[in-house]
$ cat model_23.cif   # mmCIF, C-alpha atoms (C1' of nucleotides)
data_protein
#
loop_
_atom_site.label_atom_id
_atom_site.label_comp_id
_atom_site.auth_asym_id
_atom_site.auth_seq_id
_atom_site.Cartn_x
_atom_site.Cartn_y
_atom_site.Cartn_z
CA MET Q 1267 125.11 -152.26 94.44
CA SER Q 1268 121.44 -152.39 93.62
CA VAL Q 1269 119.15 -155.12 94.90
CA THR Q 1270 118.44 -157.95 92.43
CA ILE Q 1271 116.10 -160.93 92.49
CA LYS Q 1272 119.07 -163.01 93.64
CA ASP Q 1273 119.33 -160.92 96.81
CA ILE Q 1274 115.61 -161.40 97.41
CA ALA Q 1275 116.01 -165.15 96.81
CA ARG Q 1276 118.86 -165.39 99.33
CA GLU Q 1277 117.00 -163.34 101.93
CA SER Q 1278 113.67 -165.16 101.56
CA GLY Q 1279 115.14 -168.67 101.23
CA VAL Q 1280 113.78 -169.57 97.77
CA SER Q 1281 115.35 -169.77 94.31
CA TYR Q 1282 115.58 -166.69 92.13
CA SER Q 1283 113.26 -168.24 89.55
CA THR Q 1284 110.62 -168.52 92.25
CA VAL Q 1285 111.24 -164.87 93.09
CA SER Q 1286 110.73 -163.94 89.45
CA LYS Q 1287 107.47 -165.85 89.34
CA ALA Q 1288 106.28 -164.35 92.62
CA LEU Q 1289 107.06 -160.81 91.49
CA ASN Q 1290 105.09 -161.45 88.30
CA ASN Q 1291 102.15 -162.80 90.24
CA SER Q 1292 102.47 -166.26 88.70
CA PRO Q 1293 99.83 -168.84 89.76
CA LEU Q 1294 102.67 -171.36 90.05
CA VAL Q 1295 103.74 -169.88 93.40
CA LYS Q 1296 101.95 -170.54 96.67
CA PRO Q 1297 100.27 -167.43 98.14
CA GLU Q 1298 102.39 -167.67 101.32
CA THR Q 1299 105.63 -167.86 99.32
CA LYS Q 1300 104.47 -164.97 97.15
CA LYS Q 1301 103.69 -162.89 100.23
CA LYS Q 1302 107.08 -163.60 101.75
CA VAL Q 1303 108.92 -162.72 98.53
CA LEU Q 1304 106.99 -159.48 98.07
CA GLU Q 1305 107.65 -158.46 101.67
CA THR Q 1306 111.36 -159.19 101.29
CA ALA Q 1307 111.50 -157.24 98.01
CA SER Q 1308 109.84 -154.29 99.67
CA MET Q 1309 112.10 -154.51 102.72
CA LEU Q 1310 115.25 -154.56 100.56
CA GLY Q 1311 113.98 -151.71 98.38
CA TYR Q 1312 113.99 -153.74 95.18
CA THR Q 1313 113.57 -151.92 91.86
CA PRO Q 1314 113.29 -153.99 88.66
CA ASN Q 1315 116.20 -153.68 86.25
CA PHE Q 1316 114.65 -152.53 83.00
CA ALA Q 1317 117.75 -153.26 80.95
CA ALA Q 1318 117.53 -156.91 82.00
CA LYS Q 1319 113.78 -157.06 81.36
CA ASN Q 1320 114.34 -155.61 77.90
CA LEU Q 1321 117.01 -158.20 77.22
CA VAL Q 1322 114.53 -161.01 77.70
CA SER Q 1323 111.38 -159.46 76.29
CA LYS Q 1324 113.16 -157.73 73.38
CA LYS Q 1325 110.83 -154.83 74.18
CA SER Q 1326 111.63 -151.76 76.24
CA ARG Q 1327 108.03 -150.56 76.56
CA THR Q 1328 109.50 -147.14 75.96
CA ILE Q 1329 108.80 -144.69 73.20
CA GLY Q 1330 110.96 -141.77 72.21
CA LEU Q 1331 109.58 -138.39 71.30
CA VAL Q 1332 111.53 -135.90 69.19
CA TRP Q 1333 110.39 -132.46 70.23
CA PRO Q 1334 112.53 -129.71 68.71
CA ALA Q 1335 110.34 -126.76 69.78
CA ILE Q 1336 109.90 -126.93 73.54
CA ASP Q 1337 108.89 -123.27 73.76
CA ARG Q 1338 105.54 -123.77 72.04
CA ILE Q 1339 102.61 -123.98 74.43
CA ALA Q 1340 100.33 -125.93 72.06
CA LEU Q 1341 102.95 -128.64 71.64
CA THR Q 1342 103.60 -128.68 75.38
CA ALA Q 1343 99.90 -129.42 75.93
CA LEU Q 1344 100.05 -132.17 73.31
CA VAL Q 1345 103.17 -133.75 74.82
CA SER Q 1346 101.59 -133.79 78.29
CA LYS Q 1347 98.50 -135.51 76.96
CA ILE Q 1348 100.54 -138.02 74.97
CA ASN Q 1349 102.60 -138.83 78.07
CA GLU Q 1350 99.40 -139.39 80.05
CA LEU Q 1351 98.05 -141.83 77.45
CA VAL Q 1352 101.38 -143.62 76.99
CA THR Q 1353 101.68 -144.12 80.75
CA ALA Q 1354 98.15 -145.50 80.87
CA GLU Q 1355 99.28 -148.14 78.34
CA ASN Q 1356 102.19 -149.11 80.66
CA TYR Q 1357 104.80 -147.51 78.44
CA PHE Q 1358 107.48 -144.97 79.33
CA MET Q 1359 108.30 -141.94 77.25
CA ILE Q 1360 111.64 -140.21 76.83
CA LEU Q 1361 112.08 -136.86 75.13
CA SER Q 1362 114.81 -135.40 72.99
CA VAL Q 1363 115.11 -131.83 71.78
CA ASP Q 1364 117.84 -132.77 69.29
CA GLU Q 1365 117.49 -132.88 65.52
CA ALA Q 1366 115.45 -135.90 64.39
CA ASP Q 1367 118.35 -137.95 63.01
CA LYS Q 1368 120.48 -137.46 66.10
CA ALA Q 1369 117.56 -138.07 68.46
CA ILE Q 1370 116.53 -141.27 66.70
CA GLY Q 1371 120.11 -142.54 66.87
CA MET Q 1372 120.07 -141.97 70.62
CA PHE Q 1373 116.65 -143.60 70.97
CA LYS Q 1374 117.86 -146.66 69.10
CA GLY Q 1375 120.74 -146.89 71.55
CA PHE Q 1376 118.20 -146.97 74.35
CA GLN Q 1377 116.29 -149.60 72.40
CA VAL Q 1378 112.98 -147.76 72.41
CA ASP Q 1379 110.11 -149.62 70.77
CA GLY Q 1380 108.99 -146.70 68.62
CA VAL Q 1381 109.52 -143.01 67.95
CA MET Q 1382 107.23 -140.03 67.55
CA ILE Q 1383 108.54 -136.97 65.74
CA PHE Q 1384 107.06 -133.51 65.92
CA GLU Q 1385 107.98 -132.02 62.60
CA GLU Q 1386 108.09 -128.27 62.72
CA GLY Q 1387 107.47 -126.74 59.34
CA ARG Q 1388 110.20 -128.09 57.16
CA GLU Q 1389 110.07 -131.77 56.42
CA THR Q 1390 112.48 -133.90 58.34
CA MET Q 1391 114.72 -135.67 55.88
CA LEU Q 1392 115.32 -139.05 57.46
CA HIS Q 1393 117.59 -141.63 55.91
CA SER Q 1394 115.67 -144.68 54.74
CA ASP Q 1395 117.65 -147.02 57.01
CA VAL Q 1396 116.37 -145.04 60.01
CA PHE Q 1397 112.66 -145.50 59.52
CA SER Q 1398 113.07 -149.05 58.24
CA SER Q 1399 114.80 -150.08 61.46
CA ILE Q 1400 112.34 -148.69 63.99
CA PRO Q 1401 108.61 -147.81 63.98
CA ILE Q 1402 108.28 -144.07 63.42
CA LEU Q 1403 105.20 -141.87 63.50
CA SER Q 1404 105.29 -138.20 62.67
CA TYR Q 1405 103.04 -135.34 63.63
CA GLY Q 1406 103.65 -133.34 60.51
CA VAL Q 1407 102.39 -132.31 57.13
CA SER Q 1408 101.63 -134.99 54.57
CA GLY Q 1409 103.92 -135.05 51.57
CA ASP Q 1410 106.16 -137.62 49.96
CA HIS Q 1411 106.85 -139.36 53.25
CA VAL Q 1412 107.58 -143.04 53.45
CA TYR Q 1413 106.73 -143.26 57.13
CA PRO Q 1414 103.30 -142.70 58.74
CA ILE Q 1415 102.10 -139.20 59.44
CA ILE Q 1416 99.30 -137.75 61.48
CA ASP Q 1417 98.31 -134.55 59.78
CA VAL Q 1418 95.66 -131.94 60.54
CA ASN Q 1419 93.38 -130.39 57.97
CA HIS Q 1420 94.75 -126.89 58.59
CA LYS Q 1421 92.91 -125.33 55.68
CA LYS Q 1422 89.58 -126.57 56.94
CA ALA Q 1423 90.34 -125.21 60.41
CA ILE Q 1424 90.76 -121.72 59.02
CA HIS Q 1425 87.65 -122.22 56.85
CA LEU Q 1426 85.71 -122.93 60.05
CA ALA Q 1427 87.02 -119.74 61.63
CA VAL Q 1428 86.19 -117.61 58.58
CA SER Q 1429 82.69 -119.13 58.27
CA HIS Q 1430 81.95 -118.50 61.92
CA LEU Q 1431 83.03 -114.86 61.68
CA ILE Q 1432 80.99 -114.32 58.53
CA GLU Q 1433 77.95 -115.82 60.26
CA LEU Q 1434 78.46 -113.19 62.97
CA GLY Q 1435 78.33 -110.49 60.30
CA HIS Q 1436 82.05 -109.77 59.87
CA THR Q 1437 83.35 -108.89 56.43
CA SER Q 1438 86.55 -107.13 57.35
CA LEU Q 1439 88.76 -110.05 58.33
CA SER Q 1440 92.50 -110.20 58.93
CA TYR Q 1441 94.87 -113.10 59.39
CA ILE Q 1442 98.02 -113.08 61.47
CA GLY Q 1443 100.56 -115.88 61.35
CA ASP Q 1444 103.91 -117.01 60.08
CA ALA Q 1445 103.84 -116.66 56.31
CA THR Q 1446 107.47 -117.64 55.81
CA PRO Q 1447 107.64 -119.90 52.75
CA GLY Q 1448 108.87 -123.41 53.51
CA ASP Q 1449 106.85 -123.96 56.65
CA LYS Q 1450 104.05 -126.03 55.14
CA ARG Q 1451 101.91 -126.18 58.28
CA GLN Q 1452 101.80 -122.40 58.58
CA THR Q 1453 101.38 -121.70 54.86
CA GLU Q 1454 98.45 -124.14 54.72
CA LYS Q 1455 96.67 -122.00 57.32
CA LEU Q 1456 97.31 -118.83 55.34
CA ASN Q 1457 96.21 -120.48 52.10
CA GLY Q 1458 93.09 -121.66 53.90
CA PHE Q 1459 92.35 -118.05 54.79
CA TYR Q 1460 92.72 -116.84 51.21
CA GLU Q 1461 90.61 -119.73 49.97
CA ALA Q 1462 87.80 -119.25 52.50
CA MET Q 1463 87.68 -115.51 51.85
CA GLU Q 1464 87.50 -116.09 48.13
CA ASN Q 1465 84.73 -118.67 48.57
CA ALA Q 1466 82.79 -116.11 50.58
CA GLY Q 1467 83.35 -113.43 47.92
CA LEU Q 1468 85.40 -111.26 50.29
CA THR Q 1469 88.54 -109.39 49.38
CA VAL Q 1470 91.82 -109.87 51.20
CA HIS Q 1471 93.69 -106.59 51.29
CA GLU Q 1472 97.47 -106.64 51.44
CA ASN Q 1473 97.55 -104.92 54.81
CA SER Q 1474 95.07 -107.38 56.32
CA ILE Q 1475 97.71 -110.10 56.52
CA GLY Q 1476 100.13 -109.90 59.41
CA ASN Q 1477 103.31 -111.90 58.85
CA THR Q 1478 104.79 -112.75 62.23
CA LYS Q 1479 107.92 -114.26 60.61
CA GLY Q 1480 108.14 -116.56 63.60
CA LEU Q 1481 106.00 -118.47 66.04
CA SER Q 1482 106.79 -116.93 69.41
CA TRP Q 1483 104.37 -114.74 71.32
CA TYR Q 1484 106.68 -111.78 70.75
CA ASP Q 1485 106.60 -112.33 66.98
CA GLY Q 1486 102.81 -112.24 67.30
CA TYR Q 1487 102.91 -109.14 69.46
CA LEU Q 1488 105.06 -107.14 67.02
CA ALA Q 1489 103.09 -108.19 63.96
CA ALA Q 1490 99.73 -107.61 65.68
CA LYS Q 1491 100.73 -104.11 66.73
CA GLU Q 1492 101.71 -103.26 63.19
CA LEU Q 1493 98.59 -104.85 61.71
CA LEU Q 1494 96.10 -103.30 64.12
CA LYS Q 1495 97.63 -99.84 63.64
CA THR Q 1496 97.57 -99.91 59.83
CA SER Q 1497 94.40 -101.91 59.26
CA LYS Q 1498 91.15 -101.79 61.20
CA PRO Q 1499 89.62 -105.26 60.88
CA THR Q 1500 86.54 -106.18 62.89
CA ALA Q 1501 87.79 -109.74 63.19
CA LEU Q 1502 91.18 -111.41 63.36
CA ILE Q 1503 92.26 -115.01 62.93
CA SER Q 1504 95.51 -115.94 64.60
CA GLY Q 1505 97.76 -118.82 63.48
CA SER Q 1506 98.59 -120.24 66.91
CA TYR Q 1507 98.18 -120.02 70.65
CA ASP Q 1508 101.52 -118.29 71.15
CA ILE Q 1509 100.79 -115.73 68.46
CA SER Q 1510 97.41 -115.09 70.08
CA VAL Q 1511 99.14 -114.28 73.36
CA GLY Q 1512 101.00 -111.54 71.47
CA VAL Q 1513 97.77 -110.39 69.82
CA LEU Q 1514 96.05 -109.98 73.20
CA ARG Q 1515 98.96 -107.96 74.52
CA ALA Q 1516 99.08 -105.71 71.44
CA ALA Q 1517 95.31 -105.17 71.55
CA LYS Q 1518 95.51 -104.22 75.22
CA GLU Q 1519 98.23 -101.65 74.56
CA LEU Q 1520 96.25 -100.19 71.66
CA LYS Q 1521 93.14 -100.09 73.87
CA ILE Q 1522 91.29 -102.39 71.50
CA ARG Q 1523 88.70 -104.41 73.43
CA ILE Q 1524 88.09 -108.07 72.64
CA PRO Q 1525 85.44 -108.92 71.57
CA GLU Q 1526 83.72 -105.50 71.67
CA ASP Q 1527 86.08 -103.86 69.14
CA LEU Q 1528 87.70 -106.92 67.64
CA SER Q 1529 86.61 -110.54 67.38
CA VAL Q 1530 89.50 -113.01 67.62
CA ILE Q 1531 89.68 -116.69 66.72
CA SER Q 1532 92.88 -118.58 67.33
CA TYR Q 1533 94.25 -121.72 65.80
CA ASP Q 1534 95.11 -124.51 68.34
CA ASN Q 1535 92.22 -126.26 70.01
CA ILE Q 1536 93.76 -126.60 73.46
CA PRO Q 1537 92.26 -126.13 76.95
CA GLN Q 1538 94.81 -123.37 77.68
CA MET Q 1539 92.74 -121.07 75.44
CA ALA Q 1540 90.25 -120.83 78.29
CA SER Q 1541 92.93 -119.62 80.74
CA LEU Q 1542 93.93 -116.53 78.80
CA GLU Q 1543 92.98 -113.01 79.87
CA THR Q 1544 90.20 -113.24 77.30
CA GLU Q 1545 88.98 -116.78 76.73
CA LEU Q 1546 89.68 -117.34 73.06
CA THR Q 1547 87.40 -119.10 70.62
CA SER Q 1548 89.63 -121.50 68.73
CA VAL Q 1549 89.83 -123.96 65.86
CA GLY Q 1550 91.85 -127.09 65.41
CA VAL Q 1551 91.78 -130.73 66.32
CA PRO Q 1552 91.03 -131.08 70.06
CA ILE Q 1553 94.30 -131.96 71.76
CA GLU Q 1554 92.81 -135.08 73.41
CA GLN Q 1555 91.77 -136.50 70.04
CA LEU Q 1556 95.12 -135.72 68.48
CA ALA Q 1557 97.07 -137.28 71.33
CA GLU Q 1558 94.90 -140.38 71.34
CA LYS Q 1559 95.27 -140.86 67.59
CA MET Q 1560 99.05 -140.49 67.85
CA VAL Q 1561 99.43 -142.92 70.73
CA THR Q 1562 97.12 -145.60 69.34
CA SER Q 1563 98.72 -145.30 65.89
CA LEU Q 1564 102.26 -145.68 67.21
CA LEU Q 1565 101.41 -148.55 69.53
CA SER Q 1566 99.61 -150.37 66.73
CA LEU Q 1567 102.63 -149.76 64.50
CA ILE Q 1568 104.88 -151.25 67.20
CA GLU Q 1569 102.70 -154.34 67.56
CA HIS Q 1570 101.92 -154.74 63.84
CA PRO Q 1571 104.83 -153.21 61.90
CA ASP Q 1572 103.22 -154.19 58.58
CA SER Q 1573 100.04 -152.23 59.24
CA ILE Q 1574 101.38 -149.00 57.83
CA ASN Q 1575 98.80 -146.30 57.20
CA LEU Q 1576 100.88 -143.56 55.64
CA THR Q 1577 98.73 -140.48 56.15
CA GLN Q 1578 95.90 -139.93 58.58
CA LEU Q 1579 94.21 -136.55 58.29
CA MET Q 1580 92.49 -135.27 61.43
CA GLU Q 1581 89.46 -133.04 61.12
CA PRO Q 1582 89.37 -129.77 63.10
CA LYS Q 1583 86.54 -128.38 65.22
CA LEU Q 1584 85.45 -124.96 66.38
CA ALA Q 1585 85.52 -124.40 70.16
CA LEU Q 1586 83.35 -121.42 71.08
CA ARG Q 1587 84.49 -119.22 73.95
CA LYS Q 1588 84.26 -115.49 74.61
CA SER Q 1589 86.38 -113.72 72.00
CA THR Q 1590 83.91 -113.29 69.17
CA LYS Q 1591 80.86 -111.07 68.94
CA SER Q 1592 78.06 -110.66 66.44
CA LEU Q 1593 78.28 -107.37 64.56
CA GLN Q 1594 74.55 -107.22 63.98
CA LYS Q 1595 73.88 -106.86 67.70
CA HIS Q 1596 75.78 -103.56 67.69
CA LEU Q 1597 74.07 -102.07 64.69
"C1'" DA A 1467 101.10 -178.09 92.69
"C1'" DG A 1468 104.96 -175.82 93.75
"C1'" DA A 1469 109.59 -175.43 93.73
"C1'" DG A 1470 114.39 -175.45 91.58
"C1'" DA A 1471 117.52 -175.74 87.34
"C1'" DT A 1472 118.69 -174.19 83.02
"C1'" DA A 1473 118.69 -171.79 78.51
"C1'" DT A 1474 118.31 -167.52 76.71
"C1'" DC A 1475 118.15 -162.54 75.58
"C1'" DC A 1476 122.30 -158.72 73.73
"C1'" DG A 1477 126.29 -156.03 73.98
"C1'" DA A 1478 130.60 -154.88 76.32
"C1'" DG A 1479 134.88 -156.23 77.85
"C1'" DC A 1480 138.51 -159.30 78.39
"C1'" DC A 1481 141.77 -162.78 76.99
"C1'" DA A 1482 144.16 -166.05 74.09
"C1'" DG A 1483 145.61 -167.35 69.76
"C1'" DA A 1484 146.30 -166.36 64.83
"C1'" DT A 1485 148.06 -163.46 61.31
"C1'" DA A 1486 150.52 -159.64 58.99
"C1'" DT P 399 155.51 -156.34 67.75
"C1'" DA P 400 151.04 -154.78 66.48
"C1'" DT P 401 146.61 -155.80 65.04
"C1'" DC P 402 142.78 -158.64 64.27
"C1'" DT P 403 139.52 -162.41 65.35
"C1'" DG P 404 136.90 -165.53 67.96
"C1'" DG P 405 135.37 -167.34 72.19
"C1'" DC P 406 134.07 -166.77 76.80
"C1'" DT P 407 131.94 -164.33 80.72
"C1'" DC P 408 129.04 -161.10 82.84
"C1'" DG P 409 124.90 -158.43 83.92
"C1'" DG P 410 119.41 -159.30 85.68
"C1'" DA P 411 115.35 -161.16 84.41
"C1'" DT P 412 111.98 -164.44 82.12
"C1'" DA P 413 110.28 -168.75 80.01
"C1'" DT P 414 110.36 -173.35 80.07
"C1'" DC P 415 111.83 -177.72 81.51
"C1'" DT P 416 112.58 -180.97 85.33
"C1'" DC P 417 112.14 -182.72 89.83
"C1'" DT P 418 109.81 -183.88 94.26
#
$ encode --input "model_23.cif" --output "structure tokens"
Amino acid sequence: MSVTIKDIARESGVSYSTVSKALNNSPLVKPETKKKVLETASMLGYTPNFAAKNLVSKKSRTIGLVWPAIDRIALTALVSKINELVTAENYFMILSVDEADKAIGMFKGFQVDGVMIFEEGRETMLHSDVFSSIPILSYGVSGDHVYPIIDVNHKKAIHLAVSHLIELGHTSLSYIGDATPGDKRQTEKLNGFYEAMENAGLTVHENSIGNTKGLSWYDGYLAAKELLKTSKPTALISGSYDISVGVLRAAKELKIRIPEDLSVISYDNIPQMASLETELTSVGVPIEQLAEKMVTSLLSLIEHPDSINLTQLMEPKLALRKSTKSLQKHL
DNA sequence: AGAGATATCCGAGCCAGATA
DNA sequence: TATCTGGCTCGGATATCTCT
């Protein structure tokens, strides 16, 4: 049997309501009594019963996070940061790798105060009774959603990458990423590439697009090998951190030096970019900003359920590292 | 002021009584 | 007899009221 406030009360010779007050640092308890109660609690190894606390407060101070793609490094970095911020706000976070509907059902059973969903590509079709019964915030792509979404301006991110490469004198640019229709986040990046190239008056050749048909590093590796063999771009934009890992491996095997022979910019503005074999210049919303926006938005939704702000678009930034080189300097 | 007593939170499980 | 319904209790903690 676990230790309860009643055990502490018995042991320390006060009532359990006094114990409760003492444990919550109430000014209505004498310092000596408080000290005695705290010492007894510590001696007995007391741990608060969260189920009981939730019963009274009608709050669990817990948020659930639906995370269906645990193999993606960029999302791992984001989850870690979110957890850090949530903990700093005295909340707990529980994760589920199930489908959104199933995960939310489980979270409701645990009486979480709110839910974050990481939507991968396809929109998550939630039943209306789900999001009307619990605060939900999605990290996804804005569309016809009826629940709040934090979105990233993916097109602009790729525009930043293209502009930077053009400033360095590159005109032969390639893009590598998942071009599978249906994944809006990935297709937005590709569309951003076409758009930025067109704006700059540059042609996109058919063989300068590498379709990874997936988001793993191996998908990136296979597509990069194919692309770098058939096309000889001076610069390459990669759709994600994981794909970039594959690009670096393929380039190494093909004896292509980065940035001497090939400039590379990766999507995903995460600190891990600096730990790669070649520190990659990247674009995207800095992970700290994204995490902070998600946590503050969900917590404000929990506290003020009527303050719904359906779509919040985050603006990306360019993070310069060591994977791009000016062409002019070599001429 | 400082302590104890009591109502309350919600859902599960049990039991007794009512109904088909 | 089988099934359904309603009431009660329990769990651990907090908020508030009452007492000394």
$ closest_atom_pairs --input "model_23.cif" --of "chain A" --to "chain Q" --cutoff "12 Å" --atoms "all atoms listed in the file" --output "CSV"
residue,atom,partner,partner_atom,distance
A:DA1467,C1',Q:Leu1294,CA,7.4
A:DG1468,C1',Q:Val1295,CA,6.1
A:DA1469,C1',Q:Thr1284,CA,7.1
A:DG1470,C1',Q:Ser1281,CA,6.4
A:DA1471,C1',Q:Ser1283,CA,8.9
A:DT1472,C1',Q:Ser1283,CA,10.4
A:DA1473,C1',Q:Val1322,CA,11.6
A:DT1474,C1',Q:Val1322,CA,7.6
A:DC1475,C1',Q:Val1322,CA,4.5
A:DC1476,C1',Q:Leu1321,CA,6.4
A:DG1477,C1',Q:Leu1321,CA,10.1
$ resolve_selection --input "model_23.cif" --expression "the PyMOL selection byres ((chain P) within 7 of (chain Q))" --output "ChimeraX atom specification"
/P:410-412
$ resolve_selection --input "model_23.cif" --expression "the PyMOL selection byres ((chain A and resi 1480) around 12)" --output "list in words"
DA1478, DG1479, DC1481 and DA1482 of chain A; DG405, DC406, DT407 and DC408 of chain P
$ atom_distance --input "model_23.cif" --atom1 "atom CA of Q:Asp1417" --atom2 "atom CA of Q:Thr1577"
7.0 Å
$ resolve_selection --input "model_23.cif" --expression "the PyMOL selection byres ((chain Q and resi 1514-1520) around 8)" --output "compact mmCIF listing (two decimals) with C-alpha atoms, keeping the file's coordinate frame"
# COMPACT_ATOMS: atom_id res chain seq x y z
CA TYR Q 1487 102.91 -109.14 69.46
CA LEU Q 1488 105.06 -107.14 67.02
CA ALA Q 1490 99.73 -107.61 65.68
CA LYS Q 1491 100.73 -104.11 66.73
CA LEU Q 1494 96.10 -103.30 64.12
CA SER Q 1510 97.41 -115.09 70.08
CA VAL Q 1511 99.14 -114.28 73.36
CA GLY Q 1512 101.00 -111.54 71.47
CA VAL Q 1513 97.77 -110.39 69.82
CA LYS Q 1521 93.14 -100.09 73.87
CA ILE Q 1522 91.29 -102.39 71.50
CA ARG Q 1523 88.70 -104.41 73.43
CA ILE Q 1524 88.09 -108.07 72.64
CA GLU Q 1543 92.98 -113.01 79.87
CA THR Q 1544 90.20 -113.24 77.30
$ atom_distance --input "model_23.cif" --atom1 "atom CA of Q:Leu1593" --atom2 "atom CA of Q:Asn1457"
25.5 Å
$ atom_distance --input "model_23.cif" --atom1 "atom CA of Q:Gly1435" --atom2 "atom CA of Q:Trp1483"
28.6 Å
$ closest_residue --input "model_23.cif" --among "Q:Ser1566, Q:Ser1292, Q:Ser1268, Q:Ser1429" --to "P:DA413" --atoms "only C-alpha atoms (C1' of nucleotides)"
Q:Ser1292
$ residues_around --input "model_23.cif" --residues "Q:Ser1482" --least-positions-apart "3" --cutoff "10 Å" --atoms "all atoms listed in the file" --output "list in words"
Asp1337, Arg1338, Ile1339, Asp1444, Thr1478, Lys1479, Asp1485, Gly1486, Tyr1487, Ser1506, Tyr1507, Asp1508, Ile1509, Ser1510, Val1511 and Gly1512 of chain Q
